[in-house]
Amino acid sequence: MQVFATLSRLANKFFAVLVVIAGVIGFIFPETCKLIAPYISILLGVVMFGMGLTLSPDDFREVVRRPRDVALGVLGQFVIMPVSAYVLCLVLNLPPELAVGLMLLGCCPGGTASNVVTFLARGDVALSVTITSCTTLLAPLATPALMWFFASEWLAVDPTAMFLSIVQIILLPIAAGVLVHKALGSKLDNVVAALPLVSVTAIVLIAAAVVAGTQKQLLNAGLLVFTAVCLHNAMGLAFGYLLAKATGMGLAKRKCMAIEVGMQNSGLGVALATVHFAANPMAALPSAIGALWHNVTGPILASVFVNWREEGEAPSFFDRLDASARKPETEAA
């Protein structure tokens, strides 16, 4: 298991690179990678099951301790991102398939990668985990409702069918993971250490399958989709930070809110597009590109945020790690 834990750390570190490589492979070998497409929902379910294995009551105590902060995070996710997507659809005059795809990306909950990025940015990790968990659990209701409200003008949206899909893809695997965690407890520690490797592998396979399935569409509309996804992500990051600042949150919380609002569960967007808009394969493009782009901008933003400090800010995990690394040198001198 130590080997798997080491591989998991490497997979997290080079996640964005692996997604890019998978996309290139999917583009060059579309027929082979298309074979993965029928299993996209299962792969995402595996990721959600892993998330359930890591959840505990502690992850939801912040809801009681800091209800205002959590509520702002949830509202930011389900207001800023859908509205931003809708505005971009109108301003960029996106074709119906791409408009629905961008709306789907905007209506998805936060992604679990945001928790890692918040940690690297020295943001409020506890708040990040709680907001991600809450938006994920609310997704079966929020995502179909938002899609019906915003996207019905472009393509027919069946909110009931989408609700059932999200329950199957997200809620049931998470519930199964929580039950297994409750039953086995600390016996799962070694397994949990290897979960990032499983999650990264699943998302990489999903990226390859979607690029393979939309190869021709990507050639025709790639630049337009990439522009829309980049602007959407930038708006989420910026408005998330500004919302936190306008409501008086400290720097650690502002970092968390920017990352939490700006990074979506792109894998869910891909799975839903594949199931519900199969006749319009371009609908999966925004989420496929988002899976790459969000995991590029997130670490870049973290590298900027990590140097932002408030006066009197307590030493972080990284500060203590650096101090302990320097201590032997000081004593030797």
# chains A, B, ... in the order shown; residues from 1 in each chain; ligands from 1
>>> residues_around(residues="Leu224 in chain A", least_positions_apart="3", cutoff="10 Å", atoms="only C-alpha atoms", output="mmCIF file with N, CA, C and O atoms, in the first residue's frame")
data_model
loop_
_atom_site.group_PDB
_atom_site.id
_atom_site.type_symbol
_atom_site.label_atom_id
_atom_site.label_comp_id
_atom_site.auth_asym_id
_atom_site.auth_seq_id
_atom_site.Cartn_x
_atom_site.Cartn_y
_atom_site.Cartn_z
ATOM 1 N N LEU A 92 -21.217 35.495 -26.137
ATOM 2 C CA LEU A 92 -20.442 34.802 -27.164
ATOM 3 C C LEU A 92 -21.321 34.197 -28.253
ATOM 4 O O LEU A 92 -20.801 33.646 -29.226
ATOM 5 N N LEU A 94 -23.170 31.478 -28.319
ATOM 6 C CA LEU A 94 -22.794 30.080 -28.503
ATOM 7 C C LEU A 94 -23.901 29.295 -29.200
ATOM 8 O O LEU A 94 -25.089 29.546 -28.962
ATOM 9 N N LEU A 98 -23.301 23.919 -27.533
ATOM 10 C CA LEU A 98 -22.242 24.440 -26.665
ATOM 11 C C LEU A 98 -22.820 25.242 -25.503
ATOM 12 O O LEU A 98 -22.278 25.225 -24.396
ATOM 13 N N LEU A 218 -14.332 19.132 -31.826
ATOM 14 C CA LEU A 218 -13.245 19.891 -31.203
ATOM 15 C C LEU A 218 -12.446 20.655 -32.252
ATOM 16 O O LEU A 218 -12.012 21.788 -32.012
ATOM 17 N N ASN A 220 -13.646 21.827 -35.015
ATOM 18 C CA ASN A 220 -14.476 22.909 -35.550
ATOM 19 C C ASN A 220 -14.730 24.025 -34.552
ATOM 20 O O ASN A 220 -14.830 25.189 -34.930
ATOM 21 N N ALA A 221 -14.871 23.672 -33.267
ATOM 22 C CA ALA A 221 -15.294 24.679 -32.282
ATOM 23 C C ALA A 221 -14.360 24.769 -31.079
ATOM 24 O O ALA A 221 -14.715 25.368 -30.066
ATOM 25 N N THR A 227 -12.282 29.378 -25.123
ATOM 26 C CA THR A 227 -12.458 30.767 -24.681
ATOM 27 C C THR A 227 -13.582 30.873 -23.654
ATOM 28 O O THR A 227 -13.436 31.534 -22.613
ATOM 29 N N ALA A 228 -14.699 30.206 -23.931
ATOM 30 C CA ALA A 228 -15.843 30.255 -23.021
ATOM 31 C C ALA A 228 -15.506 29.648 -21.662
ATOM 32 O O ALA A 228 -15.843 30.217 -20.613
ATOM 33 N N VAL A 229 -14.826 28.499 -21.659
ATOM 34 C CA VAL A 229 -14.484 27.821 -20.410
ATOM 35 C C VAL A 229 -13.482 28.654 -19.605
ATOM 36 O O VAL A 229 -13.604 28.780 -18.382
ATOM 37 N N PRO A 286 -17.508 21.536 -23.194
ATOM 38 C CA PRO A 286 -17.118 22.463 -22.127
ATOM 39 C C PRO A 286 -16.652 21.766 -20.852
ATOM 40 O O PRO A 286 -15.659 22.171 -20.243
#
>>> closest_atom_pairs(of="range 180-293 of chain A", to="range 103-116 of chain A", cutoff="9 Å", atoms="only C-alpha atoms", output="CSV")
residue,atom,partner,partner_atom,distance
A:Val229,CA,A:Leu105,CA,8.8
A:His232,CA,A:Gly106,CA,8.0
A:Cys256,CA,A:Ser114,CA,8.3
A:Ile259,CA,A:Ser114,CA,6.0
A:Glu260,CA,A:Ser114,CA,5.7
A:Val261,CA,A:Gly110,CA,6.8
A:Gly262,CA,A:Gly110,CA,8.0
A:Met263,CA,A:Gly110,CA,5.9
A:Gln264,CA,A:Gly110,CA,4.4
A:Asn265,CA,A:Gly111,CA,3.9
A:Ser266,CA,A:Leu105,CA,6.3
A:Gly267,CA,A:Gly111,CA,8.5
A:Leu268,CA,A:Cys108,CA,7.0
A:Gly269,CA,A:Leu105,CA,5.4
A:Val270,CA,A:Leu105,CA,8.3
A:Leu272,CA,A:Leu104,CA,8.1
A:Ala273,CA,A:Leu104,CA,7.7
A:Ala283,CA,A:Leu104,CA,8.3
A:Ala284,CA,A:Leu104,CA,8.8
A:Pro286,CA,A:Leu105,CA,6.7
A:Ser287,CA,A:Leu105,CA,5.5
A:Gly290,CA,A:Leu105,CA,7.7
>>> write_last_selection(atoms="C-alpha atoms", output="PDB file, in the first residue's frame")
ATOM      1  CA  VAL A 229     -14.484  27.821 -20.410  1.00  0.00           C
ATOM      2  CA  HIS A 232     -16.223  31.158 -17.066  1.00  0.00           C
ATOM      3  CA  CYS A 256     -11.171  29.152  -0.159  1.00  0.00           C
ATOM      4  CA  ILE A 259     -11.153  28.290  -5.441  1.00  0.00           C
ATOM      5  CA  GLU A 260     -14.370  26.626  -4.305  1.00  0.00           C
ATOM      6  CA  VAL A 261     -16.618  28.690  -6.556  1.00  0.00           C
ATOM      7  CA  GLY A 262     -14.280  28.659  -9.555  1.00  0.00           C
ATOM      8  CA  MET A 263     -13.565  24.916  -9.718  1.00  0.00           C
ATOM      9  CA  GLN A 264     -16.432  22.675 -10.852  1.00  0.00           C
ATOM     10  CA  ASN A 265     -17.051  18.925 -10.835  1.00  0.00           C
ATOM     11  CA  SER A 266     -16.306  18.684 -14.553  1.00  0.00           C
ATOM     12  CA  GLY A 267     -16.517  14.905 -14.505  1.00  0.00           C
ATOM     13  CA  LEU A 268     -20.182  15.102 -13.526  1.00  0.00           C
ATOM     14  CA  GLY A 269     -20.799  17.539 -16.380  1.00  0.00           C
ATOM     15  CA  VAL A 270     -19.231  15.107 -18.841  1.00  0.00           C
ATOM     16  CA  LEU A 272     -24.576  14.087 -17.615  1.00  0.00           C
ATOM     17  CA  ALA A 273     -23.877  15.419 -21.106  1.00  0.00           C
ATOM     18  CA  ALA A 283     -22.533  19.433 -25.210  1.00  0.00           C
ATOM     19  CA  ALA A 284     -19.796  17.436 -23.472  1.00  0.00           C
ATOM     20  CA  PRO A 286     -17.118  22.463 -22.127  1.00  0.00           C
ATOM     21  CA  SER A 287     -16.942  20.008 -19.224  1.00  0.00           C
ATOM     22  CA  GLY A 290     -13.040  22.287 -17.883  1.00  0.00           C
TER      23      GLY A 290
END
>>> closest_residue(among="A:Val74, A:Val79, A:Leu90, A:Leu102", to="Leu138 in chain A", atoms="only C-alpha atoms")
A:Val74
>>> select_by_dssp(residues="range 24-149 of chain A", states="alpha helix (DSSP H)", output="ChimeraX atom specification")
/A:24-28,30-33,40-54,61-65,67-75,81-91,96-107,113-120,125-149
>>> closest_residue(among="A:Val70, A:Ala234, A:Leu179, A:Leu44", to="Ala202 in chain A", atoms="only C-alpha atoms")
A:Leu44
>>> closest_residue(among="A:Val198, A:Met282, A:Val180, A:Ile25", to="Pro95 in chain A", atoms="only C-alpha atoms")
A:Met282
>>> residues_around(residues="Cys230 in chain A", least_positions_apart="5", cutoff="9 Å", atoms="only C-alpha atoms", output="CSV table (one decimal) with N, CA, C and O atoms, in the first residue's frame")
chain,number,residue,atom,x,y,z
A,225,VAL,N,-14.9,27.1,-27.6
A,225,VAL,CA,-15.2,26.4,-26.3
A,225,VAL,C,-14.2,26.8,-25.3
A,225,VAL,O,-14.5,27.0,-24.1
A,235,MET,N,-14.2,34.1,-14.2
A,235,MET,CA,-15.3,34.8,-13.5
A,235,MET,C,-15.6,34.2,-12.1
A,235,MET,O,-15.9,34.8,-11.1
A,290,GLY,N,-13.1,21.8,-19.3
A,290,GLY,CA,-13.0,22.3,-17.9
A,290,GLY,C,-12.2,21.3,-17.0
A,290,GLY,O,-11.5,21.8,-16.1
A,293,TRP,N,-8.7,22.5,-17.7
A,293,TRP,CA,-8.4,23.9,-17.4
A,293,TRP,C,-8.5,24.2,-16.0
A,293,TRP,O,-7.6,24.9,-15.4
A,294,HIS,N,-9.5,23.7,-15.3
A,294,HIS,CA,-9.7,24.0,-13.9
A,294,HIS,C,-8.5,23.5,-13.1
A,294,HIS,O,-8.1,24.0,-12.0
>>> atom_distance(atom1="CA of Ala302 in chain A", atom2="CA of Leu127 in chain A")
16.2 Å
>>> closest_residue(among="A:Gly101, A:Gly76, A:Gly298, A:Gly50", to="Ile131 in chain A", atoms="only C-alpha atoms")
A:Gly76
>>> closest_residue(among="A:Ser84, A:Phe119, A:Thr130, A:Phe27", to="Val64 in chain A", atoms="only C-alpha atoms")
A:Thr130
>>> atom_distance(atom1="CA of Ser133 in chain A", atom2="CA of Met48 in chain A")
10.7 Å
